[in-house]
Amino acid sequence: MNLSLRAKVFLLIAALIGATAYLIIMDLGINAGRVHYGVTVEGLQVGGQTLEEAVATIRERGRELRDTPVVLTTEGFDCRFLPTDLGWRVRPQATADEARDVGFSGAPFGALADRIRAWFGGVAVEWQGGTKHEEVNALLADCERQAQGLGLTINRFKLRRRINRAIVTWPRRNFVIPIADNG
């Protein structure tokens, strides 16, 4: 059987469309009722879990983050705090909902792009919620007083960003307090 070039192109396009539809249907079946595979919350794997399982996983990590001190250090002093000291609290349901939305919202193209990213590179979701501005300012002021006693000046902007990053980092590690260049 000898097919014309036009028929071969048509069959190739039909096969590609069929294969794509099959992969999309398989992906929807595999991830039905679950957080899409490849989704993490700040490094915590929640992909493949049901929403309830993801909430429980996030809640447990949130407790660890909440109850483990954050240590910021530099030349001769450190600033320590618990995330709750800054008003940070665990929001497992909101965080799990955000993780669950990956590949399921922004249809059709946004959802498809999220699914492809999740399968091939992973998608990182941030913790929902944040710190209270006043409490962070109080911590910054305390760190600045300590630094001034040693003749150092803190880069307040960088330290604020570092505090927010340190709160959600697991396992905990010491973060360096950024010192402003006085020269």
# chains A, B, ... in the order shown; residues from 1 in each chain; ligands from 1

call {"tool": "closest_atom_pairs", "arguments": {"of": "stretch 74-143 of chain A", "to": "stretch 37-43 of chain A", "cutoff": "10 Å", "atoms": "only C-alpha atoms", "output": "JSON lines"}}
result
{"residue": "A:Thr95", "atom": "CA", "partner": "A:Val41", "partner_atom": "CA", "distance": 7.8}
{"residue": "A:Ala96", "atom": "CA", "partner": "A:Val41", "partner_atom": "CA", "distance": 8.5}
{"residue": "A:Glu98", "atom": "CA", "partner": "A:Val41", "partner_atom": "CA", "distance": 9.3}
{"residue": "A:Ala99", "atom": "CA", "partner": "A:Val39", "partner_atom": "CA", "distance": 6.6}
{"residue": "A:Arg100", "atom": "CA", "partner": "A:Val39", "partner_atom": "CA", "distance": 8.5}
{"residue": "A:Val102", "atom": "CA", "partner": "A:Val39", "partner_atom": "CA", "distance": 7.5}
{"residue": "A:Gly103", "atom": "CA", "partner": "A:Val39", "partner_atom": "CA", "distance": 9.6}
{"residue": "A:Asp114", "atom": "CA", "partner": "A:Val39", "partner_atom": "CA", "distance": 9.7}
{"residue": "A:Arg115", "atom": "CA", "partner": "A:Tyr37", "partner_atom": "CA", "distance": 8.6}
{"residue": "A:Ile116", "atom": "CA", "partner": "A:Gly38", "partner_atom": "CA", "distance": 9.7}
{"residue": "A:Arg117", "atom": "CA", "partner": "A:Gly38", "partner_atom": "CA", "distance": 8.3}
{"residue": "A:Ala118", "atom": "CA", "partner": "A:Gly38", "partner_atom": "CA", "distance": 4.6}
{"residue": "A:Trp119", "atom": "CA", "partner": "A:Gly38", "partner_atom": "CA", "distance": 5.7}
{"residue": "A:Phe120", "atom": "CA", "partner": "A:Gly38", "partner_atom": "CA", "distance": 7.9}
{"residue": "A:Gly121", "atom": "CA", "partner": "A:Gly38", "partner_atom": "CA", "distance": 7.3}
{"residue": "A:Gly122", "atom": "CA", "partner": "A:Gly38", "partner_atom": "CA", "distance": 4.4}
{"residue": "A:Val123", "atom": "CA", "partner": "A:Val39", "partner_atom": "CA", "distance": 4.8}
{"residue": "A:Ala124", "atom": "CA", "partner": "A:Thr40", "partner_atom": "CA", "distance": 4.9}
{"residue": "A:Val125", "atom": "CA", "partner": "A:Val41", "partner_atom": "CA", "distance": 4.7}
{"residue": "A:Glu126", "atom": "CA", "partner": "A:Val41", "partner_atom": "CA", "distance": 5.7}
{"residue": "A:Trp127", "atom": "CA", "partner": "A:Val41", "partner_atom": "CA", "distance": 6.5}
{"residue": "A:Gln128", "atom": "CA", "partner": "A:Val41", "partner_atom": "CA", "distance": 9.7}

call {"tool": "residues_around", "arguments": {"residues": "stretch 131-140 of chain A", "least_positions_apart": "2", "cutoff": "10 Å", "atoms": "only C-alpha atoms", "output": "list of chain:residue names"}}
result
A:Cys79, A:Arg80, A:Phe81, A:Pro83, A:Thr84, A:Asp85, A:Leu86, A:Gly87, A:Trp88, A:Arg89, A:Gly129, A:Asp142, A:Cys143, A:Glu144, A:Arg145, A:Gln146, A:Ile154, A:Asn155, A:Arg156, A:Phe157, A:Leu159, A:Arg160, A:Ile163, A:Asn164, A:Ile167

call {"tool": "write_last_selection", "arguments": {"atoms": "N, CA, C and O atoms", "output": "JSON list (two decimals), in the first residue's frame"}}
result
[["chain", "number", "residue", "atom", "x", "y", "z"],
["A", 79, "CYS", "N", 21.30, 36.37, 66.48],
["A", 79, "CYS", "CA", 19.90, 36.68, 66.77],
["A", 79, "CYS", "C", 19.13, 35.39, 66.59],
["A", 79, "CYS", "O", 19.17, 34.78, 65.54],
["A", 80, "ARG", "N", 18.45, 34.98, 67.65],
["A", 80, "ARG", "CA", 17.67, 33.74, 67.62],
["A", 80, "ARG", "C", 16.20, 34.08, 67.84],
["A", 80, "ARG", "O", 15.88, 34.98, 68.60],
["A", 81, "PHE", "N", 15.34, 33.31, 67.20],
["A", 81, "PHE", "CA", 13.91, 33.50, 67.39],
["A", 81, "PHE", "C", 13.16, 32.26, 66.95],
["A", 81, "PHE", "O", 13.68, 31.44, 66.20],
["A", 83, "PRO", "N", 9.76, 31.14, 64.83],
["A", 83, "PRO", "CA", 8.88, 31.77, 63.84],
["A", 83, "PRO", "C", 7.61, 32.36, 64.46],
["A", 83, "PRO", "O", 7.13, 33.40, 64.00],
["A", 84, "THR", "N", 7.09, 31.73, 65.50],
["A", 84, "THR", "CA", 5.88, 32.26, 66.15],
["A", 84, "THR", "C", 6.14, 33.61, 66.81],
["A", 84, "THR", "O", 5.22, 34.41, 66.98],
["A", 85, "ASP", "N", 7.41, 33.89, 67.17],
["A", 85, "ASP", "CA", 7.76, 35.19, 67.74],
["A", 85, "ASP", "C", 7.49, 36.32, 66.73],
["A", 85, "ASP", "O", 7.31, 37.47, 67.12],
["A", 86, "LEU", "N", 7.50, 35.95, 65.45],
["A", 86, "LEU", "CA", 7.29, 36.95, 64.39],
["A", 86, "LEU", "C", 5.88, 36.86, 63.81],
["A", 86, "LEU", "O", 5.61, 37.44, 62.75],
["A", 87, "GLY", "N", 5.01, 36.11, 64.48],
["A", 87, "GLY", "CA", 3.63, 36.01, 64.02],
["A", 87, "GLY", "C", 3.42, 34.96, 62.94],
["A", 87, "GLY", "O", 2.32, 34.83, 62.40],
["A", 88, "TRP", "N", 4.46, 34.19, 62.60],
["A", 88, "TRP", "CA", 4.31, 33.16, 61.57],
["A", 88, "TRP", "C", 3.53, 32.00, 62.14],
["A", 88, "TRP", "O", 3.77, 31.55, 63.26],
["A", 89, "ARG", "N", 2.56, 31.54, 61.39],
["A", 89, "ARG", "CA", 1.81, 30.38, 61.83],
["A", 89, "ARG", "C", 1.60, 29.45, 60.65],
["A", 89, "ARG", "O", 1.64, 29.86, 59.49],
["A", 129, "GLY", "N", 0.79, 32.33, 54.02],
["A", 129, "GLY", "CA", 0.88, 33.09, 55.26],
["A", 129, "GLY", "C", 2.18, 33.86, 55.29],
["A", 129, "GLY", "O", 2.91, 33.92, 54.31],
["A", 142, "ASP", "N", 16.43, 44.72, 67.49],
["A", 142, "ASP", "CA", 17.25, 44.03, 68.47],
["A", 142, "ASP", "C", 18.59, 43.58, 67.86],
["A", 142, "ASP", "O", 19.64, 43.77, 68.47],
["A", 143, "CYS", "N", 18.55, 43.04, 66.66],
["A", 143, "CYS", "CA", 19.79, 42.63, 65.98],
["A", 143, "CYS", "C", 20.68, 43.84, 65.71],
["A", 143, "CYS", "O", 21.90, 43.77, 65.85],
["A", 144, "GLU", "N", 20.06, 44.96, 65.31],
["A", 144, "GLU", "CA", 20.83, 46.18, 65.05],
["A", 144, "GLU", "C", 21.51, 46.70, 66.31],
["A", 144, "GLU", "O", 22.66, 47.15, 66.25],
["A", 145, "ARG", "N", 20.84, 46.64, 67.44],
["A", 145, "ARG", "CA", 21.46, 47.08, 68.71],
["A", 145, "ARG", "C", 22.69, 46.24, 69.03],
["A", 145, "ARG", "O", 23.73, 46.78, 69.42],
["A", 146, "GLN", "N", 22.55, 44.94, 68.85],
["A", 146, "GLN", "CA", 23.70, 44.06, 69.10],
["A", 146, "GLN", "C", 24.85, 44.38, 68.14],
["A", 146, "GLN", "O", 26.00, 44.44, 68.55],
["A", 154, "ILE", "N", 23.99, 46.55, 60.10],
["A", 154, "ILE", "CA", 23.28, 45.48, 59.40],
["A", 154, "ILE", "C", 22.63, 46.03, 58.14],
["A", 154, "ILE", "O", 22.11, 47.14, 58.12],
["A", 155, "ASN", "N", 22.65, 45.22, 57.08],
["A", 155, "ASN", "CA", 21.89, 45.53, 55.87],
["A", 155, "ASN", "C", 20.46, 45.06, 56.15],
["A", 155, "ASN", "O", 20.13, 43.89, 56.04],
["A", 156, "ARG", "N", 19.64, 45.98, 56.55],
["A", 156, "ARG", "CA", 18.28, 45.69, 57.03],
["A", 156, "ARG", "C", 17.42, 45.02, 55.96],
["A", 156, "ARG", "O", 16.69, 44.07, 56.24],
["A", 157, "PHE", "N", 17.50, 45.48, 54.73],
["A", 157, "PHE", "CA", 16.70, 44.92, 53.64],
["A", 157, "PHE", "C", 17.05, 43.45, 53.42],
["A", 157, "PHE", "O", 16.18, 42.59, 53.34],
["A", 159, "LEU", "N", 18.55, 41.43, 55.50],
["A", 159, "LEU", "CA", 18.24, 40.64, 56.68],
["A", 159, "LEU", "C", 16.75, 40.31, 56.72],
["A", 159, "LEU", "O", 16.37, 39.19, 57.06],
["A", 160, "ARG", "N", 15.91, 41.24, 56.35],
["A", 160, "ARG", "CA", 14.46, 40.97, 56.33],
["A", 160, "ARG", "C", 14.17, 39.82, 55.36],
["A", 160, "ARG", "O", 13.41, 38.90, 55.70],
["A", 163, "ILE", "N", 15.42, 36.53, 56.88],
["A", 163, "ILE", "CA", 14.54, 36.05, 57.95],
["A", 163, "ILE", "C", 13.38, 35.28, 57.34],
["A", 163, "ILE", "O", 13.05, 34.17, 57.77],
["A", 164, "ASN", "N", 12.74, 35.84, 56.32],
["A", 164, "ASN", "CA", 11.60, 35.18, 55.68],
["A", 164, "ASN", "C", 12.02, 33.85, 55.04],
["A", 164, "ASN", "O", 11.26, 32.88, 55.07],
["A", 167, "ILE", "N", 12.82, 31.13, 57.94],
["A", 167, "ILE", "CA", 11.65, 30.58, 58.63],
["A", 167, "ILE", "C", 11.16, 29.30, 57.96],
["A", 167, "ILE", "O", 10.77, 28.35, 58.64]]

call {"tool": "residues_around", "arguments": {"residues": "A:Pro171", "least_positions_apart": "4", "cutoff": "12 Å", "atoms": "only C-alpha atoms", "output": "PyMOL selection string"}}
result
chain A and resi 42-44+61-62+64-65+68-70+166-167

call {"tool": "select_by_dssp", "arguments": {"residues": "stretch 18-178 of chain A", "states": "strand (DSSP E or B)", "output": "list in words"}}
result
Arg34, Val39, Thr40, Val41, Leu44, Gln45, Thr50, Val70, Val71, Leu72, Thr73, Thr74, Phe77, Asp78, Cys79, Arg80, Phe81, Val123, Ala124, Val125, Ile154, Phe175 and Val176 of chain A

call {"tool": "select_by_dssp", "arguments": {"residues": "chain A", "states": "alpha helix (DSSP H)", "output": "ChimeraX atom specification"}}
result
/A:5-30,51-67,92-101,109-120,133-149,156-167

call {"tool": "atom_distance", "arguments": {"atom1": "atom CA of A:Ala54", "atom2": "atom CA of A:Leu82"}}
result
23.9 Å
